[in-house]
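What follows is one structure encoded as structure tokens, with my remarks underneath.
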Amino acid sequence: MSRLTCKLLYVFPVLLITQVLTTAGAKAAPTQDIEALLEDEQGEVEQVTSVSQLSDVQPSDWAFQALQSLVERYGCIAGYPNGTFRGNRAMTRYEFAAGLDACLNRVQELIANNTADAVKKEDLEILQRLQQEFSDGLVELGGRVDGLESRTAVLESQQFSTTTKLNAEVIMSLGGVFGGDRALNSDQWNEINGSANRESAKNAAYGSGGRRLQDNTTFSDRIRLNLISSFTGQDQLFARLEANNSTAFNAPVTGTNMTRTSWDTTNSADNSVQLGKLYYRFPIGNKINVIVDAVGGEFYDNFNTINPLLSSTPIGAISRFGRFSPIYRASNTSSASNTGSGISANWKINDAITLSGGYLARRGSDPSTGKGLFDGTYGALGQITFQPNNNLTLGLTYAHSYLRGENNDGDVVVSGSYGSAFANNPFNSSAANSVNTTTNHYGLQASYRFNPQFTLSGWLGYTQAIAENNAGANVKRGDQAEIWNWAVTLAFPDLGKKGNLGGIIFGQPPKVTSNDFGSSAVSPTNLVADRRVDNDTSYHLEALYRYQVNSNLSITPGLIVIFNPEHNSNNDTIFTGVLRTTFRF
């Protein structure tokens, strides 16, 4: 047998079976009775020797001749136990492979038996016709491949880096605050209410900043350029350049931190470019992932905060409070502040349980006294996350912090700049009376997805703050303060259309419920002893709606309402309204 004949023996049945099977799959009937089909397929398929044995194959069928050739000449087509071929049923890749294998095995038998008439003149004519019929398509396909190779070569020669990708995130926001007067803390209101001349006492409490809110409308931005590199395919070197001019709606503007947005800054709000974050992430085996933060380390970036749809700054909550529990800010570090050095790890014990832990120093790059990796402010956090299924997530978290007040450089922030002035600085640490403060934070977080369009999340947090030194007449070493916070968040993904998000957040920002601070001493200028305890309860109510214009652009209008700001009912309700536009590319 000639070499050409052997080749044709292989090629011709392959073409036939490809034509029969693939086109049959493409013309599958969508209305087929699936249950009946499964019932019929319980038996083994049976080899047939004549196409007439297939009850559902008629001479008028478009693939009759090809099927007849495969059955009667090559003997490599099987029917179902009920005597049907089901040419209109969709085929699987397994079925295609099985049919092709049967035909190739039959060809090998023909070659081994040296069957001289296995390929007839009609077969050669059909093969020639198929070659001519698909010649234009093959030429076109070859041209496309050549074009792709050329474009690929250009991209490879002009690409930014073979190991590094660049992406960007831009937030533009229009917003402002409105209401009445700026908020005062409870000790100030105690003094005002105990004074014979309330207006004079009010003026003294507000000082040179005045009573009214700074309610001018603002337009600001935050820009982040992220360089992401990988050297093994499993590791990640991340570097971020950042600029921000979004002034925080905090005490100078509203009298409280409760009105802050999630993307504002208290650092350099002048759009100066800074190295915001630098870390290296790598796996150890299949279960452990390690993050080494050189600068900009934050626990809320390294661990699961269990508020899946609202924790992201560019596309989630519009408030600082609404993103996640303040326990994840225990290290008092942040991006673009030249703080946050340390190490974190996540250990996936099994599919349901993950154990996380980390240590971050606030000023790890500074070797001076009271700073560095181990001599200054730091936070350590441990968390166990339980996720028994895709809908439910529970987290138990503990964090310990040491906040050094002696440097007087903003290190003493107990509650992440979320709640009242007392909750962030319970012992009134200052340049005149610095108080080194340790904290123990305890948190319970939960999230449950009821259905693809609704997720309920929330948290409860308790903090114990301890004064580590004496400071003036009001603070003794060992004094303690207790701080509570909680929130419930409702997220409605794909609200209105796919990619949109509706959100409602309600909760209590951090509040000091008891404090050993203070003495019984009073004076003409201090008629009521300061205790740094919040008298009433503030409530945070937030509503937002993110409209996803396309994969790169979203627009989010939102409103934050703070009732009883600074946990005091004497303060006016304060509103923060924003329109956030986010570009991601």
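Just so we're on the same page: first chain in the structure tokens is A, next is B, and so on; residues restart at 1 for each chain, and ligands are numbered from 1 in the order they show up.
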Please report, as a Markdown table, each residue of stretch 480-575 of chain A lying at most 12 Å from stretch 431-443 of chain A, together with the nearest pair of atoms and the separation in Å rounded to one decimal; use only C-alpha atoms, and order rows by chain and ascending residue number.
| residue | atom | partner | partner_atom | distance |
| --- | --- | --- | --- | --- |
| A:Gln480 | CA | A:Thr439 | CA | 9.5 |
| A:Ala481 | CA | A:Thr439 | CA | 9.5 |
| A:Glu482 | CA | A:Thr439 | CA | 9.9 |
| A:Ile483 | CA | A:His441 | CA | 9.3 |
| A:Trp484 | CA | A:Tyr442 | CA | 9.8 |
| A:Asn485 | CA | A:Gly443 | CA | 9.6 |
| A:Trp486 | CA | A:Gly443 | CA | 9.5 |
| A:Ala487 | CA | A:Gly443 | CA | 11.7 |
| A:Pro510 | CA | A:His441 | CA | 11.8 |
| A:Phe517 | CA | A:Val435 | CA | 11.5 |
For this session: Using DSSP on the backbone coordinates, identify all residues within stretch 241-401 of chain A classified as strand (DSSP E or B); present the result as a PyMOL selection string.
Result: chain A and resi 241-244+247+261+265+274-284+288-295+319+341-348+353-361+378-386+392-401
For this session: Using only C-alpha atoms, determine which residues lie at most 10 Å from A:Leu174, disregarding the query and same-chain residues fewer than 4 positions distant; provide the list as an MDAnalysis selection string.
Result: chainID A and resid 217:221 557 577:581
Problem set entry | Between atom CA of A:Ile306 and atom CA of A:Gln445 - distance in Å to one decimal |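 Computed distance, atom CA of A:Gln445 to atom CA of A:Ile306, equals 6.3 Å.
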Residues within 8 Å of stretch 249-266 of chain A, only C-alpha atoms, excluding chain neighbours under 6 positions, as a PDB file with all heavy atoms, in the first residue's frame:
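Below is the file out.pdb, written as the result:
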ATOM      1  N   VAL A 177     -20.427  69.839  53.913  1.00  0.00           N
ATOM      2  CA  VAL A 177     -21.201  69.552  55.125  1.00  0.00           C
ATOM      3  C   VAL A 177     -22.223  70.666  55.329  1.00  0.00           C
ATOM      4  O   VAL A 177     -22.025  71.806  54.891  1.00  0.00           O
ATOM      5  CB  VAL A 177     -20.289  69.427  56.364  1.00  0.00           C
ATOM      6  CG1 VAL A 177     -19.328  68.270  56.193  1.00  0.00           C
ATOM      7  CG2 VAL A 177     -19.523  70.721  56.616  1.00  0.00           C
ATOM      8  N   ASP A 181     -24.292  74.423  64.107  1.00  0.00           N
ATOM      9  CA  ASP A 181     -22.987  74.742  64.691  1.00  0.00           C
ATOM     10  C   ASP A 181     -22.083  73.511  64.690  1.00  0.00           C
ATOM     11  O   ASP A 181     -22.535  72.371  64.596  1.00  0.00           O
ATOM     12  CB  ASP A 181     -23.168  75.221  66.135  1.00  0.00           C
ATOM     13  CG  ASP A 181     -23.870  76.569  66.220  1.00  0.00           C
ATOM     14  OD1 ASP A 181     -23.873  77.284  65.201  1.00  0.00           O
ATOM     15  OD2 ASP A 181     -24.410  76.881  67.297  1.00  0.00           O
ATOM     16  N   ARG A 182     -20.786  73.769  64.837  1.00  0.00           N
ATOM     17  CA  ARG A 182     -19.833  72.678  65.002  1.00  0.00           C
ATOM     18  C   ARG A 182     -20.093  71.961  66.327  1.00  0.00           C
ATOM     19  O   ARG A 182     -20.618  72.540  67.273  1.00  0.00           O
ATOM     20  CB  ARG A 182     -18.399  73.210  64.979  1.00  0.00           C
ATOM     21  CG  ARG A 182     -17.958  73.719  63.616  1.00  0.00           C
ATOM     22  CD  ARG A 182     -16.469  74.026  63.558  1.00  0.00           C
ATOM     23  NE  ARG A 182     -16.084  75.053  64.514  1.00  0.00           N
ATOM     24  CZ  ARG A 182     -15.160  74.903  65.452  1.00  0.00           C
ATOM     25  NH1 ARG A 182     -14.529  73.746  65.580  1.00  0.00           N
ATOM     26  NH2 ARG A 182     -14.857  75.889  66.264  1.00  0.00           N
ATOM     27  N   ALA A 183     -19.705  70.709  66.383  1.00  0.00           N
ATOM     28  CA  ALA A 183     -19.958  69.897  67.580  1.00  0.00           C
ATOM     29  C   ALA A 183     -18.946  70.215  68.674  1.00  0.00           C
ATOM     30  O   ALA A 183     -17.785  70.527  68.410  1.00  0.00           O
ATOM     31  CB  ALA A 183     -19.896  68.415  67.230  1.00  0.00           C
ATOM     32  N   LEU A 184     -19.398  70.111  69.925  1.00  0.00           N
ATOM     33  CA  LEU A 184     -18.539  70.224  71.106  1.00  0.00           C
ATOM     34  C   LEU A 184     -18.607  68.913  71.874  1.00  0.00           C
ATOM     35  O   LEU A 184     -19.592  68.168  71.787  1.00  0.00           O
ATOM     36  CB  LEU A 184     -19.011  71.372  72.000  1.00  0.00           C
ATOM     37  CG  LEU A 184     -18.964  72.786  71.406  1.00  0.00           C
ATOM     38  CD1 LEU A 184     -19.619  73.782  72.364  1.00  0.00           C
ATOM     39  CD2 LEU A 184     -17.531  73.197  71.096  1.00  0.00           C
ATOM     40  N   GLY A 209     -12.039  79.355  66.081  1.00  0.00           N
ATOM     41  CA  GLY A 209     -12.606  78.679  64.919  1.00  0.00           C
ATOM     42  C   GLY A 209     -14.038  79.040  64.639  1.00  0.00           C
ATOM     43  O   GLY A 209     -14.536  78.793  63.537  1.00  0.00           O
ATOM     44  N   LEU A 213     -20.367  75.596  61.091  1.00  0.00           N
ATOM     45  CA  LEU A 213     -19.665  74.621  60.268  1.00  0.00           C
ATOM     46  C   LEU A 213     -18.946  75.319  59.112  1.00  0.00           C
ATOM     47  O   LEU A 213     -19.411  76.348  58.609  1.00  0.00           O
ATOM     48  CB  LEU A 213     -20.668  73.616  59.661  1.00  0.00           C
ATOM     49  CG  LEU A 213     -21.486  72.737  60.608  1.00  0.00           C
ATOM     50  CD1 LEU A 213     -22.538  71.979  59.800  1.00  0.00           C
ATOM     51  CD2 LEU A 213     -20.595  71.754  61.344  1.00  0.00           C
ATOM     52  N   GLN A 214     -17.836  74.775  58.704  1.00  0.00           N
ATOM     53  CA  GLN A 214     -17.181  75.246  57.476  1.00  0.00           C
ATOM     54  C   GLN A 214     -17.877  74.542  56.318  1.00  0.00           C
ATOM     55  O   GLN A 214     -17.453  73.474  55.871  1.00  0.00           O
ATOM     56  CB  GLN A 214     -15.691  74.938  57.519  1.00  0.00           C
ATOM     57  CG  GLN A 214     -14.950  75.683  58.615  1.00  0.00           C
ATOM     58  CD  GLN A 214     -13.459  75.388  58.621  1.00  0.00           C
ATOM     59  OE1 GLN A 214     -12.919  74.797  57.683  1.00  0.00           O
ATOM     60  NE2 GLN A 214     -12.787  75.797  59.681  1.00  0.00           N
ATOM     61  N   ASP A 215     -18.943  75.149  55.828  1.00  0.00           N
ATOM     62  CA  ASP A 215     -19.864  74.462  54.934  1.00  0.00           C
ATOM     63  C   ASP A 215     -19.735  74.845  53.468  1.00  0.00           C
ATOM     64  O   ASP A 215     -20.661  74.645  52.681  1.00  0.00           O
ATOM     65  CB  ASP A 215     -21.305  74.685  55.396  1.00  0.00           C
ATOM     66  CG  ASP A 215     -21.667  76.158  55.534  1.00  0.00           C
ATOM     67  OD1 ASP A 215     -20.822  77.012  55.201  1.00  0.00           O
ATOM     68  OD2 ASP A 215     -22.792  76.455  55.966  1.00  0.00           O
ATOM     69  N   ARG A 222      -8.228  62.304  44.655  1.00  0.00           N
ATOM     70  CA  ARG A 222      -7.186  61.417  45.146  1.00  0.00           C
ATOM     71  C   ARG A 222      -6.764  60.513  43.992  1.00  0.00           C
ATOM     72  O   ARG A 222      -7.603  59.907  43.316  1.00  0.00           O
ATOM     73  CB  ARG A 222      -7.670  60.541  46.310  1.00  0.00           C
ATOM     74  CG  ARG A 222      -6.529  59.786  46.993  1.00  0.00           C
ATOM     75  CD  ARG A 222      -7.013  58.741  47.977  1.00  0.00           C
ATOM     76  NE  ARG A 222      -7.521  57.548  47.304  1.00  0.00           N
ATOM     77  CZ  ARG A 222      -7.924  56.447  47.944  1.00  0.00           C
ATOM     78  NH1 ARG A 222      -7.907  56.418  49.270  1.00  0.00           N
ATOM     79  NH2 ARG A 222      -8.383  55.408  47.271  1.00  0.00           N
ATOM     80  N   THR A 313     -12.574  51.754  49.488  1.00  0.00           N
ATOM     81  CA  THR A 313     -12.683  53.211  49.423  1.00  0.00           C
ATOM     82  C   THR A 313     -13.247  53.708  48.099  1.00  0.00           C
ATOM     83  O   THR A 313     -14.172  54.528  48.088  1.00  0.00           O
ATOM     84  CB  THR A 313     -11.319  53.866  49.686  1.00  0.00           C
ATOM     85  OG1 THR A 313     -10.924  53.596  51.029  1.00  0.00           O
ATOM     86  CG2 THR A 313     -11.379  55.363  49.491  1.00  0.00           C
ATOM     87  N   PRO A 314     -12.734  53.275  46.948  1.00  0.00           N
ATOM     88  CA  PRO A 314     -13.212  53.856  45.698  1.00  0.00           C
ATOM     89  C   PRO A 314     -14.611  53.437  45.285  1.00  0.00           C
ATOM     90  O   PRO A 314     -15.290  54.164  44.552  1.00  0.00           O
ATOM     91  CB  PRO A 314     -12.170  53.395  44.670  1.00  0.00           C
ATOM     92  CG  PRO A 314     -11.605  52.155  45.242  1.00  0.00           C
ATOM     93  CD  PRO A 314     -11.599  52.360  46.728  1.00  0.00           C
ATOM     94  N   ALA A 317     -18.243  52.147  50.862  1.00  0.00           N
ATOM     95  CA  ALA A 317     -18.836  53.181  51.716  1.00  0.00           C
ATOM     96  C   ALA A 317     -18.201  54.537  51.429  1.00  0.00           C
ATOM     97  O   ALA A 317     -17.021  54.638  51.085  1.00  0.00           O
ATOM     98  CB  ALA A 317     -18.650  52.809  53.179  1.00  0.00           C
ATOM     99  N   ILE A 318     -18.970  55.592  51.603  1.00  0.00           N
ATOM    100  CA  ILE A 318     -18.432  56.940  51.410  1.00  0.00           C
ATOM    101  C   ILE A 318     -17.884  57.509  52.710  1.00  0.00           C
ATOM    102  O   ILE A 318     -17.160  58.506  52.695  1.00  0.00           O
ATOM    103  CB  ILE A 318     -19.485  57.894  50.812  1.00  0.00           C
ATOM    104  CG1 ILE A 318     -20.685  58.023  51.744  1.00  0.00           C
ATOM    105  CG2 ILE A 318     -19.914  57.415  49.435  1.00  0.00           C
ATOM    106  CD1 ILE A 318     -21.675  59.078  51.315  1.00  0.00           C
ATOM    107  N   SER A 319     -18.196  56.889  53.839  1.00  0.00           N
ATOM    108  CA  SER A 319     -17.709  57.374  55.125  1.00  0.00           C
ATOM    109  C   SER A 319     -16.522  56.551  55.597  1.00  0.00           C
ATOM    110  O   SER A 319     -16.349  55.393  55.200  1.00  0.00           O
ATOM    111  CB  SER A 319     -18.811  57.298  56.183  1.00  0.00           C
ATOM    112  OG  SER A 319     -19.088  55.944  56.513  1.00  0.00           O
ATOM    113  N   ARG A 320     -15.721  57.135  56.454  1.00  0.00           N
ATOM    114  CA  ARG A 320     -14.612  56.410  57.078  1.00  0.00           C
ATOM    115  C   ARG A 320     -15.150  55.332  58.014  1.00  0.00           C
ATOM    116  O   ARG A 320     -14.647  54.209  58.053  1.00  0.00           O
ATOM    117  CB  ARG A 320     -13.739  57.400  57.852  1.00  0.00           C
ATOM    118  CG  ARG A 320     -12.475  56.818  58.477  1.00  0.00           C
ATOM    119  CD  ARG A 320     -11.669  57.919  59.147  1.00  0.00           C
ATOM    120  NE  ARG A 320     -10.473  57.440  59.827  1.00  0.00           N
ATOM    121  CZ  ARG A 320      -9.273  57.321  59.268  1.00  0.00           C
ATOM    122  NH1 ARG A 320      -9.121  57.651  57.996  1.00  0.00           N
ATOM    123  NH2 ARG A 320      -8.233  56.882  59.954  1.00  0.00           N
ATOM    124  N   PHE A 321     -16.199  55.658  58.756  1.00  0.00           N
ATOM    125  CA  PHE A 321     -16.772  54.729  59.719  1.00  0.00           C
ATOM    126  C   PHE A 321     -17.422  53.524  59.047  1.00  0.00           C
ATOM    127  O   PHE A 321     -17.381  52.406  59.568  1.00  0.00           O
ATOM    128  CB  PHE A 321     -17.803  55.456  60.579  1.00  0.00           C
ATOM    129  CG  PHE A 321     -18.600  54.564  61.499  1.00  0.00           C
ATOM    130  CD1 PHE A 321     -18.006  53.992  62.608  1.00  0.00           C
ATOM    131  CD2 PHE A 321     -19.939  54.297  61.252  1.00  0.00           C
ATOM    132  CE1 PHE A 321     -18.734  53.170  63.463  1.00  0.00           C
ATOM    133  CE2 PHE A 321     -20.679  53.480  62.091  1.00  0.00           C
ATOM    134  CZ  PHE A 321     -20.083  52.916  63.199  1.00  0.00           C
ATOM    135  N   ARG A 323     -16.749  51.662  56.492  1.00  0.00           N
ATOM    136  CA  ARG A 323     -15.980  50.657  55.761  1.00  0.00           C
ATOM    137  C   ARG A 323     -15.815  49.357  56.546  1.00  0.00           C
ATOM    138  O   ARG A 323     -16.006  48.273  56.017  1.00  0.00           O
ATOM    139  CB  ARG A 323     -14.605  51.211  55.395  1.00  0.00           C
ATOM    140  CG  ARG A 323     -14.627  52.348  54.398  1.00  0.00           C
ATOM    141  CD  ARG A 323     -13.212  52.827  54.098  1.00  0.00           C
ATOM    142  NE  ARG A 323     -12.411  51.763  53.501  1.00  0.00           N
ATOM    143  CZ  ARG A 323     -11.084  51.797  53.386  1.00  0.00           C
ATOM    144  NH1 ARG A 323     -10.409  52.844  53.862  1.00  0.00           N
ATOM    145  NH2 ARG A 323     -10.444  50.794  52.825  1.00  0.00           N
ATOM    146  N   SER A 417      -9.597  57.396  64.520  1.00  0.00           N
ATOM    147  CA  SER A 417     -10.208  58.657  64.061  1.00  0.00           C
ATOM    148  C   SER A 417     -11.622  58.425  63.551  1.00  0.00           C
ATOM    149  O   SER A 417     -12.051  59.017  62.562  1.00  0.00           O
ATOM    150  CB  SER A 417      -9.345  59.312  62.978  1.00  0.00           C
ATOM    151  OG  SER A 417      -8.107  59.708  63.497  1.00  0.00           O
ATOM    152  N   TYR A 418     -12.361  57.543  64.224  1.00  0.00           N
ATOM    153  CA  TYR A 418     -13.743  57.253  63.857  1.00  0.00           C
ATOM    154  C   TYR A 418     -14.735  58.030  64.720  1.00  0.00           C
ATOM    155  O   TYR A 418     -15.623  58.686  64.214  1.00  0.00           O
ATOM    156  CB  TYR A 418     -14.032  55.765  64.069  1.00  0.00           C
ATOM    157  CG  TYR A 418     -13.627  54.831  62.978  1.00  0.00           C
ATOM    158  CD1 TYR A 418     -12.518  55.065  62.189  1.00  0.00           C
ATOM    159  CD2 TYR A 418     -14.352  53.680  62.740  1.00  0.00           C
ATOM    160  CE1 TYR A 418     -12.138  54.177  61.198  1.00  0.00           C
ATOM    161  CE2 TYR A 418     -13.992  52.777  61.759  1.00  0.00           C
ATOM    162  CZ  TYR A 418     -12.874  53.033  60.983  1.00  0.00           C
ATOM    163  OH  TYR A 418     -12.507  52.141  60.012  1.00  0.00           O
ATOM    164  N   GLY A 419     -14.607  57.856  66.032  1.00  0.00           N
ATOM    165  CA  GLY A 419     -15.654  58.295  66.945  1.00  0.00           C
ATOM    166  C   GLY A 419     -15.404  59.647  67.567  1.00  0.00           C
ATOM    167  O   GLY A 419     -14.875  60.570  66.943  1.00  0.00           O
ATOM    168  N   SER A 420     -15.736  59.748  68.842  1.00  0.00           N
ATOM    169  CA  SER A 420     -15.631  61.026  69.546  1.00  0.00           C
ATOM    170  C   SER A 420     -14.170  61.355  69.847  1.00  0.00           C
ATOM    171  O   SER A 420     -13.273  60.500  69.759  1.00  0.00           O
ATOM    172  CB  SER A 420     -16.414  60.954  70.858  1.00  0.00           C
ATOM    173  OG  SER A 420     -15.798  60.044  71.757  1.00  0.00           O
ATOM    174  N   ALA A 421     -13.945  62.612  70.222  1.00  0.00           N
ATOM    175  CA  ALA A 421     -12.594  63.034  70.617  1.00  0.00           C
ATOM    176  C   ALA A 421     -12.119  62.233  71.826  1.00  0.00           C
ATOM    177  O   ALA A 421     -10.939  61.878  71.923  1.00  0.00           O
ATOM    178  CB  ALA A 421     -12.593  64.524  70.926  1.00  0.00           C
ATOM    179  N   PRO A 509     -20.703  55.188  66.353  1.00  0.00           N
ATOM    180  CA  PRO A 509     -19.254  55.373  66.332  1.00  0.00           C
ATOM    181  C   PRO A 509     -18.675  55.171  67.730  1.00  0.00           C
ATOM    182  O   PRO A 509     -19.400  55.206  68.741  1.00  0.00           O
ATOM    183  CB  PRO A 509     -19.087  56.825  65.851  1.00  0.00           C
ATOM    184  CG  PRO A 509     -20.388  57.162  65.179  1.00  0.00           C
ATOM    185  CD  PRO A 509     -21.434  56.386  65.917  1.00  0.00           C
ATOM    186  N   HIS A 540     -24.868  57.006  63.475  1.00  0.00           N
ATOM    187  CA  HIS A 540     -24.391  57.236  62.108  1.00  0.00           C
ATOM    188  C   HIS A 540     -25.367  56.574  61.143  1.00  0.00           C
ATOM    189  O   HIS A 540     -25.613  55.374  61.214  1.00  0.00           O
ATOM    190  CB  HIS A 540     -22.992  56.621  61.959  1.00  0.00           C
ATOM    191  CG  HIS A 540     -22.443  56.647  60.557  1.00  0.00           C
ATOM    192  ND1 HIS A 540     -21.383  57.441  60.195  1.00  0.00           N
ATOM    193  CD2 HIS A 540     -22.786  55.948  59.429  1.00  0.00           C
ATOM    194  CE1 HIS A 540     -21.099  57.243  58.926  1.00  0.00           C
ATOM    195  NE2 HIS A 540     -21.937  56.336  58.435  1.00  0.00           N
ATOM    196  N   ILE A 560     -24.329  61.226  54.496  1.00  0.00           N
ATOM    197  CA  ILE A 560     -24.028  60.781  55.850  1.00  0.00           C
ATOM    198  C   ILE A 560     -24.761  61.708  56.810  1.00  0.00           C
ATOM    199  O   ILE A 560     -24.656  62.945  56.700  1.00  0.00           O
ATOM    200  CB  ILE A 560     -22.523  60.840  56.148  1.00  0.00           C
ATOM    201  CG1 ILE A 560     -21.727  60.053  55.103  1.00  0.00           C
ATOM    202  CG2 ILE A 560     -22.221  60.329  57.549  1.00  0.00           C
ATOM    203  CD1 ILE A 560     -20.235  60.320  55.154  1.00  0.00           C
ATOM    204  N   ILE A 562     -25.207  62.452  60.927  1.00  0.00           N
ATOM    205  CA  ILE A 562     -24.726  62.171  62.283  1.00  0.00           C
ATOM    206  C   ILE A 562     -25.693  62.814  63.273  1.00  0.00           C
ATOM    207  O   ILE A 562     -25.792  64.037  63.378  1.00  0.00           O
ATOM    208  CB  ILE A 562     -23.302  62.708  62.511  1.00  0.00           C
ATOM    209  CG1 ILE A 562     -22.346  62.161  61.442  1.00  0.00           C
ATOM    210  CG2 ILE A 562     -22.818  62.343  63.910  1.00  0.00           C
ATOM    211  CD1 ILE A 562     -22.197  60.661  61.443  1.00  0.00           C
ATOM    212  N   PRO A 565     -23.928  64.484  67.362  1.00  0.00           N
ATOM    213  CA  PRO A 565     -22.475  64.378  67.131  1.00  0.00           C
ATOM    214  C   PRO A 565     -21.691  64.473  68.433  1.00  0.00           C
ATOM    215  O   PRO A 565     -22.108  65.132  69.386  1.00  0.00           O
ATOM    216  CB  PRO A 565     -22.180  65.575  66.224  1.00  0.00           C
ATOM    217  CG  PRO A 565     -23.481  65.898  65.562  1.00  0.00           C
ATOM    218  CD  PRO A 565     -24.541  65.560  66.568  1.00  0.00           C
ATOM    219  N   GLU A 566     -20.560  63.818  68.483  1.00  0.00           N
ATOM    220  CA  GLU A 566     -19.719  63.745  69.685  1.00  0.00           C
ATOM    221  C   GLU A 566     -20.473  63.167  70.875  1.00  0.00           C
ATOM    222  O   GLU A 566     -20.167  63.457  72.031  1.00  0.00           O
ATOM    223  CB  GLU A 566     -19.135  65.117  70.040  1.00  0.00           C
ATOM    224  CG  GLU A 566     -18.015  65.563  69.141  1.00  0.00           C
ATOM    225  CD  GLU A 566     -16.777  64.670  69.270  1.00  0.00           C
ATOM    226  OE1 GLU A 566     -16.178  64.620  70.351  1.00  0.00           O
ATOM    227  OE2 GLU A 566     -16.418  64.018  68.260  1.00  0.00           O
ATOM    228  N   ILE A 574     -25.560  66.872  61.938  1.00  0.00           N
ATOM    229  CA  ILE A 574     -24.653  67.289  60.872  1.00  0.00           C
ATOM    230  C   ILE A 574     -24.811  66.347  59.677  1.00  0.00           C
ATOM    231  O   ILE A 574     -24.856  65.124  59.840  1.00  0.00           O
ATOM    232  CB  ILE A 574     -23.181  67.296  61.339  1.00  0.00           C
ATOM    233  CG1 ILE A 574     -23.007  68.225  62.549  1.00  0.00           C
ATOM    234  CG2 ILE A 574     -22.256  67.732  60.198  1.00  0.00           C
ATOM    235  CD1 ILE A 574     -21.602  68.209  63.119  1.00  0.00           C
ATOM    236  N   PHE A 575     -24.877  66.939  58.495  1.00  0.00           N
ATOM    237  CA  PHE A 575     -25.034  66.189  57.252  1.00  0.00           C
ATOM    238  C   PHE A 575     -23.772  66.347  56.400  1.00  0.00           C
ATOM    239  O   PHE A 575     -23.215  67.442  56.297  1.00  0.00           O
ATOM    240  CB  PHE A 575     -26.239  66.698  56.456  1.00  0.00           C
ATOM    241  CG  PHE A 575     -27.536  66.662  57.212  1.00  0.00           C
ATOM    242  CD1 PHE A 575     -27.884  67.700  58.075  1.00  0.00           C
ATOM    243  CD2 PHE A 575     -28.413  65.599  57.062  1.00  0.00           C
ATOM    244  CE1 PHE A 575     -29.083  67.676  58.766  1.00  0.00           C
ATOM    245  CE2 PHE A 575     -29.612  65.572  57.758  1.00  0.00           C
ATOM    246  CZ  PHE A 575     -29.946  66.611  58.618  1.00  0.00           C
ATOM    247  N   THR A 576     -23.353  65.256  55.794  1.00  0.00           N
ATOM    248  CA  THR A 576     -22.265  65.285  54.823  1.00  0.00           C
ATOM    249  C   THR A 576     -22.790  64.711  53.516  1.00  0.00           C
ATOM    250  O   THR A 576     -23.202  63.545  53.462  1.00  0.00           O
ATOM    251  CB  THR A 576     -21.060  64.446  55.291  1.00  0.00           C
ATOM    252  OG1 THR A 576     -20.592  64.922  56.553  1.00  0.00           O
ATOM    253  CG2 THR A 576     -19.924  64.529  54.275  1.00  0.00           C
TER     254      THR A 576
END
Exercise. Can you list, as a PyMOL selection string, every residue of stretch 56-90 of chain A that DSSP puts in alpha helix (DSSP H)?
Worked result: chain A and resi 64-69
Keeping only C-alpha atoms, write the selected residues to a file as a CSV table (one decimal), in the first residue's frame.
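File selection-v6.csv, as written:
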chain,number,residue,atom,x,y,z
A,64,PHE,CA,-26.7,11.0,5.7
A,65,GLN,CA,-23.9,10.2,3.2
A,66,ALA,CA,-21.1,11.0,5.6
A,67,LEU,CA,-22.8,9.0,8.3
A,68,GLN,CA,-23.4,6.1,6.0
A,69,SER,CA,-19.7,6.0,5.0
Problem set entry | Residue among A:Ile353, A:Leu490, A:Leu381, A:Leu225 lying closest to A:Ile171, counting only C-alpha atoms |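 Checking each candidate against A:Ile171, we get A:Leu225 as the closest.
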